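Pasted below: data.cif, mmCIF, C-alpha atoms.
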```cif
data_protein
loop_
_atom_site.label_atom_id
_atom_site.label_comp_id
_atom_site.auth_asym_id
_atom_site.auth_seq_id
_atom_site.Cartn_x
_atom_site.Cartn_y
_atom_site.Cartn_z
CA MET F 27 36.18 6.75 39.35
CA THR F 28 36.32 3.38 37.57
CA SER F 29 39.81 2.30 36.60
CA ALA F 30 40.74 0.37 33.46
CA SER F 31 41.47 -2.69 35.58
CA ASP F 32 37.87 -2.63 36.85
CA THR F 33 36.44 -2.99 33.31
CA GLU F 34 38.72 -5.81 32.16
CA PRO F 35 36.95 -8.61 34.11
CA THR F 36 33.59 -7.45 32.69
CA ALA F 37 34.85 -7.61 29.10
CA ALA F 38 36.48 -10.96 29.75
CA SER F 39 33.31 -12.36 31.30
CA LEU F 40 31.27 -11.22 28.28
CA LEU F 41 33.55 -13.11 25.92
CA GLN F 42 33.21 -16.20 28.09
CA LEU F 43 29.62 -16.52 26.91
CA ASN F 44 29.01 -19.00 24.12
CA ASP F 45 28.32 -17.83 20.54
CA ASP F 46 24.57 -18.41 20.71
CA VAL F 47 24.18 -16.14 23.74
CA LEU F 48 26.43 -13.49 22.22
CA ALA F 49 24.36 -13.63 19.03
CA LEU F 50 21.17 -13.03 21.05
CA ILE F 51 22.77 -9.98 22.69
CA ILE F 52 24.16 -8.55 19.42
CA ARG F 53 20.83 -9.04 17.70
CA GLN F 54 19.30 -6.40 20.01
CA LEU F 55 21.61 -3.73 18.53
CA ASN F 56 21.01 -1.78 15.33
CA VAL F 57 23.17 -2.65 12.31
CA TYR F 58 25.67 0.16 12.90
CA GLN F 59 26.15 -0.83 16.53
CA GLN F 60 26.67 -4.40 15.35
CA PHE F 61 29.33 -3.14 12.93
CA GLN F 62 31.06 -1.25 15.75
CA ILE F 63 31.08 -4.17 18.15
CA GLY F 64 32.38 -6.45 15.42
CA ARG F 65 35.49 -4.28 15.09
CA LEU F 66 36.47 -4.95 18.70
CA ASN F 67 37.25 -8.63 18.43
CA ARG F 68 37.60 -11.27 15.69
CA ARG F 69 35.20 -13.59 17.43
CA LEU F 70 32.57 -10.87 17.71
CA GLU F 71 33.16 -9.98 14.07
CA SER F 72 32.49 -13.56 13.00
CA ILE F 73 29.23 -13.60 14.98
CA VAL F 74 28.15 -10.31 13.38
CA GLN F 75 28.96 -11.68 9.91
CA MET F 76 26.96 -14.81 10.68
CA LEU F 77 23.95 -12.69 11.66
CA TRP F 78 24.28 -10.51 8.60
CA ARG F 79 24.48 -13.49 6.24
CA THR F 80 21.22 -14.94 7.57
CA ARG F 81 19.22 -11.95 8.76
CA VAL F 82 20.27 -8.77 6.96
CA ARG F 83 18.34 -8.34 3.71
CA ASN F 84 16.28 -5.24 4.49
CA VAL F 85 18.28 -2.46 6.14
CA VAL F 86 16.90 0.79 7.59
CA LEU F 87 19.32 3.68 8.16
CA GLN F 88 18.51 6.78 10.22
CA ASP F 89 20.66 9.74 11.23
CA GLU F 90 20.11 8.92 14.91
CA MET F 91 22.05 5.70 14.45
CA PHE F 92 25.28 7.57 13.73
CA GLY F 93 25.18 10.44 16.23
CA ARG F 94 26.20 14.00 15.46
CA SER F 95 29.99 13.82 15.46
CA VAL F 96 30.98 10.26 16.38
CA THR F 97 30.88 8.76 12.88
CA ASN F 98 33.33 10.21 10.39
CA SER F 99 33.23 9.78 6.63
CA ARG F 100 35.68 6.89 6.55
CA GLN F 101 33.77 4.94 9.20
CA PHE F 102 30.46 5.37 7.38
CA VAL F 103 31.88 4.17 4.07
CA ALA F 104 33.55 1.19 5.79
CA PHE F 105 30.22 0.32 7.44
CA ILE F 106 28.31 0.38 4.13
CA GLN F 107 30.99 -1.65 2.35
CA ALA F 108 30.89 -4.29 5.08
CA LEU F 109 27.10 -4.45 4.93
CA ALA F 110 26.74 -4.24 1.13
CA PRO F 111 27.24 -7.95 0.25
CA HIS F 112 24.29 -8.91 2.45
CA MET F 113 21.80 -6.11 1.58
CA GLN F 114 19.07 -6.35 -1.02
CA ARG F 115 16.75 -3.55 0.12
CA LEU F 116 17.89 -0.28 1.70
CA SER F 117 15.63 2.31 3.35
CA CYS F 118 17.13 5.70 4.30
CA GLN F 119 14.79 7.54 6.66
CA GLN F 120 15.61 11.19 7.46
CA LEU F 121 19.24 10.45 6.59
CA ASP F 122 21.56 13.35 5.79
CA VAL F 123 22.01 13.24 2.03
CA ARG F 124 25.68 14.09 2.48
CA ARG F 125 26.17 10.57 3.81
CA LEU F 126 24.77 9.18 0.55
CA ARG F 127 27.19 11.37 -1.42
CA LEU F 128 30.11 9.78 0.41
CA LEU F 129 29.38 6.64 -1.62
CA SER F 130 29.74 8.38 -5.00
CA SER F 131 32.92 6.47 -5.91
CA HIS F 132 31.57 3.06 -4.82
CA THR F 133 29.25 0.50 -6.43
CA LEU F 134 26.67 -1.53 -4.49
CA GLU F 135 25.48 -4.10 -7.01
CA SER F 136 23.47 -6.33 -4.64
CA ILE F 137 20.91 -3.63 -3.72
CA HIS F 138 17.86 -3.71 -5.98
CA SER F 139 15.43 -1.66 -3.85
CA LEU F 140 16.00 1.80 -2.37
CA GLU F 141 13.78 4.12 -0.32
CA TRP F 142 14.88 7.68 0.34
CA LEU F 143 12.40 9.15 2.81
CA GLY F 144 13.18 12.78 3.39
CA ASN F 145 11.15 15.61 4.89
CA ALA F 146 10.38 18.37 2.41
CA HIS F 147 9.06 20.62 5.19
CA ARG F 148 12.07 20.41 7.52
CA ARG F 149 14.29 23.47 7.32
CA GLY F 150 18.06 23.56 7.49
CA ARG F 151 18.65 20.20 5.77
CA VAL F 152 20.62 19.62 2.57
CA ARG F 153 18.09 18.43 -0.02
CA PHE F 154 18.07 15.42 -2.30
CA VAL F 155 18.28 16.95 -5.81
CA ASP F 156 18.63 15.88 -9.45
CA GLU F 157 22.37 15.28 -9.17
CA ASP F 158 21.69 12.76 -6.43
CA VAL F 159 19.54 10.78 -8.88
CA ARG F 160 22.58 10.59 -11.16
CA LEU F 161 24.55 9.36 -8.17
CA LEU F 162 22.01 6.56 -7.67
CA HIS F 163 22.68 5.41 -11.20
CA ARG F 164 26.38 5.02 -10.42
CA VAL F 165 26.15 3.59 -6.90
CA PHE F 166 23.16 1.26 -7.41
CA PRO F 167 23.47 -0.01 -11.02
CA ASN F 168 20.92 -2.81 -10.55
CA LEU F 169 18.17 -0.77 -8.92
CA LYS F 170 14.70 -2.09 -9.74
CA SER F 171 12.55 -0.34 -7.11
CA LEU F 172 12.88 3.30 -6.06
CA LYS F 173 10.80 5.35 -3.64
CA LEU F 174 11.60 9.05 -3.14
CA ARG F 175 9.83 11.23 -0.58
CA GLY F 176 10.36 14.90 0.17
CA CYS F 177 12.98 15.42 -2.55
CA GLN F 178 13.68 18.53 -4.62
CA ILE F 179 13.95 16.70 -7.92
CA THR F 180 12.47 17.62 -11.29
CA GLY F 181 12.53 14.03 -12.57
CA LYS F 182 15.20 14.90 -15.15
CA TYR F 183 17.51 11.89 -14.65
CA LEU F 184 15.06 9.22 -13.51
CA CYS F 185 14.95 7.79 -17.03
CA ASP F 186 18.64 6.84 -16.70
CA LEU F 187 17.78 4.12 -14.15
CA GLU F 188 17.29 1.57 -16.91
CA HIS F 189 16.46 -1.45 -14.70
CA LEU F 190 13.72 0.35 -12.77
CA THR F 191 10.33 -1.38 -12.72
CA ASP F 192 8.81 0.24 -9.61
CA LEU F 193 8.85 4.04 -9.20
CA ARG F 194 7.16 5.86 -6.29
CA LEU F 195 7.32 9.64 -5.86
CA ASP F 196 5.78 11.08 -2.70
CA ASP F 197 5.69 14.75 -1.75
CA CYS F 198 8.19 15.77 -4.45
CA GLN F 199 7.10 19.34 -5.04
CA PHE F 200 9.44 20.22 -7.92
CA LEU F 201 8.56 17.55 -10.49
CA GLU F 202 8.18 18.84 -14.05
CA SER F 203 5.78 17.35 -16.60
CA GLN F 204 8.19 17.38 -19.56
CA HIS F 205 10.50 14.81 -17.96
CA PHE F 206 7.81 12.14 -17.67
CA ARG F 207 7.80 11.53 -21.42
CA ASP F 208 11.32 10.10 -21.23
CA ILE F 209 10.48 8.16 -18.06
CA PHE F 210 7.50 6.40 -19.64
CA ARG F 211 9.21 5.91 -23.00
CA GLN F 212 12.56 4.55 -21.77
CA LEU F 213 11.69 2.59 -18.61
CA ARG F 214 9.77 -0.67 -18.50
CA LEU F 215 7.82 0.25 -15.38
CA ARG F 216 5.37 -2.20 -13.85
CA LYS F 217 4.33 -0.01 -10.91
CA PHE F 218 4.08 3.78 -10.86
CA ASP F 219 2.98 5.69 -7.75
CA ILE F 220 2.63 9.46 -7.74
CA MET F 221 -0.48 9.59 -5.57
CA GLU F 222 1.04 11.94 -3.00
CA ASP F 223 3.45 13.84 -5.24
CA CYS F 224 2.21 17.40 -4.65
CA ASP F 225 -0.93 19.50 -4.51
CA GLU F 226 -3.44 20.45 -7.19
CA VAL F 227 -1.49 23.58 -8.15
CA ASN F 228 1.91 21.97 -8.71
CA CYS F 229 0.91 18.54 -10.01
CA CYS F 230 2.30 17.05 -13.21
CA ASP F 231 0.42 16.29 -16.40
CA LEU F 232 0.87 12.56 -17.04
CA ALA F 233 -0.36 12.65 -20.62
CA ASP F 234 2.43 10.30 -21.78
CA LEU F 235 1.48 7.37 -19.53
CA GLN F 236 0.38 5.37 -22.56
CA LEU F 237 4.01 5.26 -23.72
CA CYS F 238 4.69 2.66 -21.01
CA PRO F 239 2.60 -0.41 -21.97
CA THR F 240 4.26 -2.57 -19.28
CA LEU F 241 2.45 -0.77 -16.44
CA GLU F 242 0.45 -3.07 -14.18
CA HIS F 243 -0.29 -0.94 -11.09
CA ILE F 244 -0.80 2.84 -11.14
CA LYS F 245 -1.45 5.10 -8.14
CA ILE F 246 -2.33 8.71 -8.91
CA ALA F 247 -4.51 11.53 -7.55
CA ASP F 248 -7.78 12.82 -8.97
CA TYR F 249 -6.23 16.08 -10.17
CA HIS F 250 -3.99 14.11 -12.55
CA LEU F 251 -7.21 13.18 -14.37
CA CYS F 252 -8.32 16.80 -14.51
CA MET F 253 -5.34 18.28 -16.36
CA GLU F 254 -5.61 19.71 -19.88
CA SER F 255 -5.29 16.18 -21.28
CA ASP F 256 -7.79 13.67 -19.89
CA ILE F 257 -5.74 10.50 -19.44
CA THR F 258 -8.61 8.34 -18.17
CA GLN F 259 -9.22 6.48 -21.43
CA GLN F 260 -5.48 6.06 -22.00
CA LEU F 261 -5.19 4.34 -18.62
CA LEU F 262 -8.07 1.99 -19.34
CA ARG F 263 -6.46 0.91 -22.62
CA LEU F 264 -3.10 -0.11 -21.12
CA PRO F 265 -2.73 -3.80 -22.06
CA HIS F 266 -1.28 -5.11 -18.79
CA LEU F 267 -3.05 -2.87 -16.27
CA ARG F 268 -4.20 -4.84 -13.22
CA LYS F 269 -4.73 -2.20 -10.51
CA LEU F 270 -5.57 1.49 -10.62
CA SER F 271 -5.70 3.48 -7.36
CA ILE F 272 -6.91 7.09 -7.38
CA TYR F 273 -6.81 9.35 -4.35
CA SER F 274 -9.68 11.83 -4.30
CA LYS F 275 -10.77 14.43 -1.76
CA ASN F 276 -13.42 16.37 -3.64
CA PHE F 277 -14.04 14.60 -6.97
CA VAL F 278 -14.98 11.04 -6.02
CA PHE F 279 -18.14 11.04 -8.16
CA ASP F 280 -16.38 12.55 -11.17
CA VAL F 281 -13.52 10.02 -10.97
CA LEU F 282 -15.91 7.09 -10.58
CA SER F 283 -18.06 8.20 -13.51
CA ARG F 284 -15.02 8.53 -15.79
CA ILE F 285 -13.95 4.98 -15.00
CA ALA F 286 -17.38 3.35 -14.78
CA ARG F 287 -18.68 4.97 -18.00
CA PRO F 288 -15.75 4.97 -20.45
CA THR F 289 -16.17 6.76 -23.76
CA SER F 290 -14.18 4.13 -25.66
CA PRO F 291 -16.12 1.40 -27.50
CA PRO F 292 -16.67 -1.96 -25.74
CA GLY F 293 -13.63 -4.19 -25.91
CA ALA F 294 -11.19 -1.30 -26.18
CA VAL F 295 -10.75 -0.91 -22.41
CA ARG F 296 -9.96 -3.34 -19.60
CA LEU F 297 -12.87 -4.91 -17.71
CA ILE F 298 -13.06 -4.06 -14.00
CA GLU F 299 -13.59 -7.06 -11.73
CA ALA F 300 -13.10 -5.49 -8.27
CA PHE F 301 -13.61 -2.10 -6.64
CA ARG F 302 -12.66 -0.82 -3.18
CA PHE F 303 -13.33 2.48 -1.45
CA SER F 304 -12.76 3.71 2.08
CA GLY F 305 -13.98 7.06 3.34
CA VAL F 306 -16.92 9.35 4.09
CA LEU F 307 -19.44 10.27 1.40
CA HIS F 308 -22.41 12.61 1.58
CA ASP F 309 -24.34 11.24 -1.39
CA TYR F 310 -24.31 7.46 -1.45
CA GLY F 311 -27.27 7.47 -3.82
CA ARG F 312 -25.17 9.05 -6.58
CA PHE F 313 -22.19 6.87 -5.65
CA PHE F 314 -24.21 3.67 -5.97
CA ARG F 315 -25.75 4.82 -9.27
CA GLU F 316 -22.25 5.10 -10.73
CA LEU F 317 -21.24 1.75 -9.23
CA GLY F 318 -24.24 0.18 -10.94
CA ASN F 319 -22.53 0.75 -14.29
CA LEU F 320 -19.81 -1.76 -13.35
CA ARG F 321 -22.04 -4.74 -14.15
CA GLN F 322 -19.14 -7.19 -14.41
CA LEU F 323 -17.91 -6.60 -10.83
CA THR F 324 -17.19 -9.78 -8.89
CA ARG F 325 -15.79 -8.12 -5.74
CA LEU F 326 -17.10 -4.95 -4.08
CA GLU F 327 -15.44 -3.59 -0.95
CA LEU F 328 -16.74 -0.48 0.85
CA HIS F 329 -15.28 0.64 4.18
CA GLY F 330 -17.22 3.38 5.89
CA GLN F 331 -15.71 5.75 8.42
CA PRO F 332 -17.49 7.54 11.28
CA GLU F 333 -18.29 11.20 10.80
CA GLU F 334 -16.53 13.22 13.48
CA GLU F 335 -19.01 16.07 13.41
CA ASP F 336 -21.81 13.60 14.20
CA GLY F 337 -20.11 12.13 17.24
CA ASP F 338 -18.43 9.28 15.34
CA GLN F 339 -21.76 7.86 14.17
CA LEU F 340 -21.75 5.36 11.31
CA GLN F 341 -23.10 6.52 7.98
CA CYS F 342 -26.54 5.10 7.15
CA LEU F 343 -27.26 3.18 3.94
CA GLU F 344 -30.88 3.16 2.79
CA ASP F 345 -32.64 0.01 1.66
CA GLN F 346 -33.65 1.49 -1.69
CA MET F 347 -30.03 2.22 -2.67
CA LEU F 348 -28.89 -1.28 -1.74
CA ARG F 349 -31.80 -2.94 -3.53
CA GLN F 350 -31.07 -1.07 -6.74
CA LEU F 351 -27.37 -1.94 -6.57
CA ALA F 352 -28.10 -5.61 -5.85
CA SER F 353 -30.26 -5.80 -8.98
CA GLN F 354 -27.40 -4.42 -11.10
CA LEU F 355 -24.35 -6.24 -9.68
CA ARG F 356 -25.55 -9.80 -10.07
CA GLU F 357 -22.07 -11.23 -10.76
CA LEU F 358 -20.71 -10.48 -7.28
CA THR F 359 -18.89 -13.30 -5.51
CA GLU F 360 -17.68 -11.14 -2.60
CA LEU F 361 -19.37 -8.18 -0.91
CA HIS F 362 -17.59 -6.34 1.91
CA LEU F 363 -19.86 -3.71 3.44
CA CYS F 364 -17.94 -2.68 6.54
CA GLY F 365 -18.57 0.11 9.02
CA TYR F 366 -22.12 1.18 8.09
CA GLN F 367 -25.53 1.55 9.74
CA LEU F 368 -28.21 -0.13 7.64
CA GLU F 369 -31.74 1.22 7.49
CA SER F 370 -32.94 -2.38 7.81
CA PRO F 371 -31.66 -5.85 6.88
CA LEU F 372 -33.88 -5.93 3.77
CA GLY F 373 -31.55 -4.01 1.44
CA LEU F 374 -28.57 -6.22 2.22
CA LEU F 375 -30.64 -9.39 1.88
CA GLU F 376 -31.27 -8.46 -1.76
CA PHE F 377 -27.65 -9.34 -2.52
CA VAL F 378 -28.18 -12.82 -1.07
CA ILE F 379 -31.25 -13.17 -3.28
CA ASN F 380 -29.90 -11.72 -6.57
CA CYS F 381 -26.20 -12.68 -6.57
CA ARG F 382 -26.23 -16.39 -7.38
CA GLN F 383 -22.44 -16.72 -7.09
CA LEU F 384 -22.08 -14.83 -3.79
CA ARG F 385 -19.56 -16.66 -1.59
CA VAL F 386 -18.53 -14.02 0.99
CA LEU F 387 -20.70 -11.45 2.73
CA ASP F 388 -18.63 -9.29 5.08
CA ILE F 389 -20.46 -6.96 7.50
CA THR F 390 -17.54 -6.27 9.81
CA ARG F 391 -18.23 -3.21 12.03
CA SER F 392 -21.69 -2.76 10.48
CA ARG F 393 -25.07 -2.52 12.18
CA CYS F 394 -27.60 -4.70 10.37
CA HIS F 395 -30.09 -5.17 13.23
CA GLY F 396 -28.77 -8.22 15.01
CA GLU F 397 -29.33 -11.94 14.84
CA SER F 398 -32.53 -11.68 12.80
CA PHE F 399 -30.35 -10.93 9.76
CA VAL F 400 -28.64 -14.34 10.10
CA TRP F 401 -31.96 -16.17 10.39
CA SER F 402 -33.27 -14.36 7.30
CA CYS F 403 -30.12 -15.37 5.37
CA ILE F 404 -30.66 -19.01 6.29
CA ALA F 405 -34.29 -18.88 5.18
CA ILE F 406 -33.29 -17.45 1.77
CA LEU F 407 -30.37 -19.85 1.28
CA ALA F 408 -32.57 -22.84 2.03
CA LYS F 409 -34.58 -22.05 -1.12
CA GLN F 410 -31.51 -21.70 -3.39
CA ARG F 411 -30.98 -25.21 -4.67
CA TRP F 412 -28.21 -24.12 -7.05
CA ARG F 413 -25.72 -23.33 -4.30
CA SER F 414 -22.85 -25.83 -4.11
CA ARG F 415 -21.04 -24.25 -1.13
CA PRO F 416 -22.09 -22.39 2.03
CA LEU F 417 -22.19 -18.60 2.16
CA GLU F 418 -19.44 -17.18 4.38
CA LEU F 419 -20.87 -14.49 6.65
CA TRP F 420 -18.28 -12.35 8.45
CA ILE F 421 -19.80 -10.64 11.50
CA ARG F 422 -16.72 -9.36 13.33
CA HIS F 423 -17.40 -6.28 15.46
CA SER F 424 -20.96 -6.07 14.13
CA ASP F 425 -24.21 -5.90 16.12
CA ILE F 426 -24.60 -9.68 15.85
CA ASN F 427 -23.72 -11.63 18.99
CA PRO F 428 -20.59 -13.69 18.19
CA GLU F 429 -21.99 -16.56 20.28
CA ILE F 430 -24.47 -17.17 17.46
CA VAL F 431 -21.77 -19.33 15.85
CA GLN F 432 -22.44 -22.02 18.47
CA SER F 433 -26.22 -21.79 18.31
CA PRO F 434 -28.03 -25.02 17.32
CA ARG F 435 -29.70 -23.28 14.40
CA CYS F 436 -26.35 -22.28 12.86
CA LEU F 437 -24.77 -25.65 13.56
CA ASP F 438 -27.68 -27.40 11.86
CA ASN F 439 -27.27 -25.29 8.69
CA THR F 440 -23.51 -25.43 8.09
CA LYS F 441 -24.18 -26.56 4.51
CA LEU F 442 -25.96 -23.27 3.91
CA ILE F 443 -24.00 -20.72 5.92
CA LYS F 444 -20.66 -20.44 7.67
CA VAL F 445 -20.60 -17.63 10.23
CA ASP F 446 -17.18 -16.16 11.08
CA ALA F 447 -17.10 -14.20 14.34
CA LYS F 448 -13.35 -14.05 14.95
CA GLN F 449 -12.38 -10.83 16.66
CA ILE F 450 -9.81 -8.57 15.00
CA GLY F 451 -8.57 -5.04 15.63
CA PRO F 452 -9.66 -2.01 13.59
CA ASN F 453 -8.54 -2.22 9.97
CA MET F 454 -5.92 0.45 9.22
CA ASP F 455 -4.82 -0.83 5.81
CA TYR F 456 -7.06 1.42 3.75
CA THR F 457 -6.20 5.04 3.04
CA SER F 458 -9.27 7.24 3.24
CA GLY F 459 -10.45 8.67 -0.06
CA VAL F 460 -8.78 6.12 -2.36
CA LEU F 461 -10.77 4.46 -5.14
CA LYS F 462 -9.07 1.20 -6.13
CA PHE F 463 -10.01 -0.64 -9.31
CA SER F 464 -8.77 -4.14 -10.17
CA PHE F 465 -8.98 -5.37 -13.75
CA VAL F 466 -9.62 -8.76 -15.30
CA ARG F 467 -6.31 -10.39 -16.20
#
```

Can the structure from this file be put into structure tokens for me?
Amino acid sequence: MTSASDTEPTAASLLQLNDDVLALIIRQLNVYQQFQIGRLNRRLESIVQMLWRTRVRNVVLQDEMFGRSVTNSRQFVAFIQALAPHMQRLSCQQLDVRRLRLLSSHTLESIHSLEWLGNAHRRGRVRFVDEDVRLLHRVFPNLKSLKLRGCQITGKYLCDLEHLTDLRLDDCQFLESQHFRDIFRQLRLRKFDIMEDCDEVNCCDLADLQLCPTLEHIKIADYHLCMESDITQQLLRLPHLRKLSIYSKNFVFDVLSRIARPTSPPGAVRLIEAFRFSGVLHDYGRFFRELGNLRQLTRLELHGQPEEEDGDQLQCLEDQMLRQLASQLRELTELHLCGYQLESPLGLLEFVINCRQLRVLDITRSRCHGESFVWSCIAILAKQRWRSRPLELWIRHSDINPEIVQSPRCLDNTKLIKVDAKQIGPNMDYTSGVLKFSFVR
């Protein structure tokens, strides 16, 4: 058994370390452990405060940090009060909502961003409900950004958060349509995300979106467009809209046609300058025909994904489809065609021929039949006297040998083409099945 006298030299030797070393050690602890160690000694407390002043802006809290019975109510409140002057953004991940309710009589004015990430499918937990939204209004009076996941809220009191500009609701299965009228009418939202709010059966009708003209970025699901009120044209008429992201499993073509072929007269809707899609499609011919209606596009980004049932083979794009699209989208400055098998290089070369302003051609992870594609690009570019800058060709993880960058032929034509063969890992930034539109400012 270790006696108390055995531990004293160890504690004393720890405090003999200089402040810089102690700071390095304390930095390895989570914020609650830092709070606990700071209560042991004034010197340690000053080091913790120094770290918090310079490094604590974004704080993540999880139930595992506090243990099951070690942290009582008074300790938790003292911890939050000590941390509050330094926090700006707070993320609560799988935190027991009863801990949040302990703060009901306190005010944390410095926090302007809050994430409450619950688990709607986990049984035996006290749920985040409408009354907790009212609590947020009291505890976080300056809240500008709010993300709620897995909460049993109807949306009833969200309109009371008067400073809110960013609202994200994920997997909130109990939202009710009638409360969104007050949300859109009373809040000056700039970003609204309800892409993963619920399923097709329980989704909300967002017919009152047009009541919030300050919206700049909207993320919804395809079934929000398929309610009794078609909100597509209302979205396209929002004066400050810059980005519209729509998640679609089964209605990609329908969603694209509604956006690409608006029923409103020209000039009444925002012009689309960029489009991005990532996923698997079974009719690229129809997809490209709809894309062809977006004649003003300057940036097109398509990220293919392997089909599992075909042994992770890349989807094939036919020359005829690419040729037709290249003849329609002549204003492109960037084309990202990533993760596809091309029938031949000819279809892709049509974009180099027809798009006079093309600056970036990205074929990352694509199969375009090797180095011959690069030589064909150079031959075409050599005839285009109007070009004032070289075409950037990105060939990362493609079937083109990256050593081509150092070939004499490429080095001799740097005024025509700049080949980028830098190796990067697989791109995981794009959610499958999301159509993202960017609008002219």

Neighbour residues at most 12 Å from (-24.8, 9.7, -2.7) (all atoms listed in the file) as JSON, numbers by chain: {"F": [278, 279, 306, 307, 308, 309, 310, 311, 312, 313, 314, 315, 316, 317, 341, 342, 343, 344, 347, 348]}

Polymer residues at most 12 Å from F:Gln101, all atoms listed in the file, same-chain spacing of 3 or more positions, as an MDAnalysis selection string: chainID F and resid 58 61:62 65 92 95:98 104:108 125 128:129

Residues in the PyMOL selection byres ((chain F and resi 189) around 10), expressed as a PyMOL selection string: chain F and resi 138+163+167-171+185-188+190-192+213-215

Same residues, C-alpha atoms, saved as an mmCIF file, keeping the file's coordinate frame:
```cif
data_model
loop_
_atom_site.group_PDB
_atom_site.id
_atom_site.type_symbol
_atom_site.label_atom_id
_atom_site.label_comp_id
_atom_site.auth_asym_id
_atom_site.auth_seq_id
_atom_site.Cartn_x
_atom_site.Cartn_y
_atom_site.Cartn_z
ATOM 1 C CA HIS F 138 17.860 -3.710 -5.980
ATOM 2 C CA HIS F 163 22.680 5.410 -11.200
ATOM 3 C CA PRO F 167 23.470 -0.010 -11.020
ATOM 4 C CA ASN F 168 20.920 -2.810 -10.550
ATOM 5 C CA LEU F 169 18.170 -0.770 -8.920
ATOM 6 C CA LYS F 170 14.700 -2.090 -9.740
ATOM 7 C CA SER F 171 12.550 -0.340 -7.110
ATOM 8 C CA CYS F 185 14.950 7.790 -17.030
ATOM 9 C CA ASP F 186 18.640 6.840 -16.700
ATOM 10 C CA LEU F 187 17.780 4.120 -14.150
ATOM 11 C CA GLU F 188 17.290 1.570 -16.910
ATOM 12 C CA LEU F 190 13.720 0.350 -12.770
ATOM 13 C CA THR F 191 10.330 -1.380 -12.720
ATOM 14 C CA ASP F 192 8.810 0.240 -9.610
ATOM 15 C CA LEU F 213 11.690 2.590 -18.610
ATOM 16 C CA ARG F 214 9.770 -0.670 -18.500
ATOM 17 C CA LEU F 215 7.820 0.250 -15.380
#
```

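For the atom pair formed by atom CA of F:Asp248 and atom CA of F:Val281, the distance is 6.7 Å, given to one decimal.
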
Expansion of the PyMOL selection byres ((chain F and resi 401-416) around 7) into residues, as JSON, numbers by chain: {"F": [375, 379, 397, 398, 399, 400, 417, 418, 440, 441, 442, 443, 444]}

Restricting the output to C-alpha atoms, write the selected residues as a PDB file, keeping the file's coordinate frame.
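Below is the file again34.pdb, written as the result:
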```
ATOM      1  CA  LEU F 375     -30.640  -9.390   1.880  1.00  0.00           C
ATOM      2  CA  ILE F 379     -31.250 -13.170  -3.280  1.00  0.00           C
ATOM      3  CA  GLU F 397     -29.330 -11.940  14.840  1.00  0.00           C
ATOM      4  CA  SER F 398     -32.530 -11.680  12.800  1.00  0.00           C
ATOM      5  CA  PHE F 399     -30.350 -10.930   9.760  1.00  0.00           C
ATOM      6  CA  VAL F 400     -28.640 -14.340  10.100  1.00  0.00           C
ATOM      7  CA  LEU F 417     -22.190 -18.600   2.160  1.00  0.00           C
ATOM      8  CA  GLU F 418     -19.440 -17.180   4.380  1.00  0.00           C
ATOM      9  CA  THR F 440     -23.510 -25.430   8.090  1.00  0.00           C
ATOM     10  CA  LYS F 441     -24.180 -26.560   4.510  1.00  0.00           C
ATOM     11  CA  LEU F 442     -25.960 -23.270   3.910  1.00  0.00           C
ATOM     12  CA  ILE F 443     -24.000 -20.720   5.920  1.00  0.00           C
ATOM     13  CA  LYS F 444     -20.660 -20.440   7.670  1.00  0.00           C
TER      14      LYS F 444
END
```

Within 6 Å of stretch 323-326 of chain F using all atoms listed in the file, minus same-chain residues under 5 positions, as a PDB file with C-alpha atoms, keeping the file's coordinate frame:
```pdb
ATOM      1  CA  GLU F 299     -13.590  -7.060 -11.730  1.00  0.00           C
ATOM      2  CA  ALA F 300     -13.100  -5.490  -8.270  1.00  0.00           C
ATOM      3  CA  PHE F 301     -13.610  -2.100  -6.640  1.00  0.00           C
ATOM      4  CA  GLU F 357     -22.070 -11.230 -10.760  1.00  0.00           C
ATOM      5  CA  LEU F 358     -20.710 -10.480  -7.280  1.00  0.00           C
ATOM      6  CA  THR F 359     -18.890 -13.300  -5.510  1.00  0.00           C
ATOM      7  CA  GLU F 360     -17.680 -11.140  -2.600  1.00  0.00           C
ATOM      8  CA  LEU F 361     -19.370  -8.180  -0.910  1.00  0.00           C
TER       9      LEU F 361
END
```

Expansion of the PyMOL selection byres ((chain F and resi 54-56) around 12) into residues, as a PyMOL selection string: chain F and resi 47-53+57-64+74+77-78+82+85-88+90-92

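Using only C-alpha atoms, the smallest distance between any of F:Thr180, F:Arg124, F:Cys118, F:Gln199 and F:Ser99 comes from F:Arg124.
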
Å distance separating atom CA of F:Pro239 from atom CA of F:Leu261, one decimal place: 9.7 Å

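By all atoms listed in the file, and with residues fewer than 2 positions from F:Asp425 along its chain excluded, the set lying at most 12 Å from it is Cys364, Gly365, Tyr366, Gln367, Leu368, Pro371, Ile389, Thr390, Arg391, Ser392, Arg393, Cys394, His395, Gly396, Glu397, Ser398, Phe399, Val400, Trp420, Ile421, Arg422, His423, Asn427, Pro428, Glu429, Ile430 and Ala447 of chain F.
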
Contacts of F:Arg127 at 12 Å (only C-alpha atoms; same-chain gap of 5+ positions) as an MDAnalysis selection string: chainID F and resid 99 102:103 121:122 132 152:155 157:162 164:165

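Interatomic distance, atom CA of F:Arg284 against atom CA of F:Asp256: 9.8 Å.
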
Non-local contacts of F:Glu202 (8 Å; only C-alpha atoms; under 3 positions in same chain excluded) as a VMD selection string: chain F and resid 180 to 181 205 to 206 230

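Considering all atoms listed in the file, the residue among F:Asn67, F:Ser353, F:Thr240, F:Gln331 positioned nearest to F:Gln212 is F:Thr240.
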
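Minimum atom-to-atom distances from F:Ser304, F:Gln178, F:Asn84, F:Thr133 to F:Gly330 were compared using all atoms listed in the file, and the lowest value belongs to F:Ser304.
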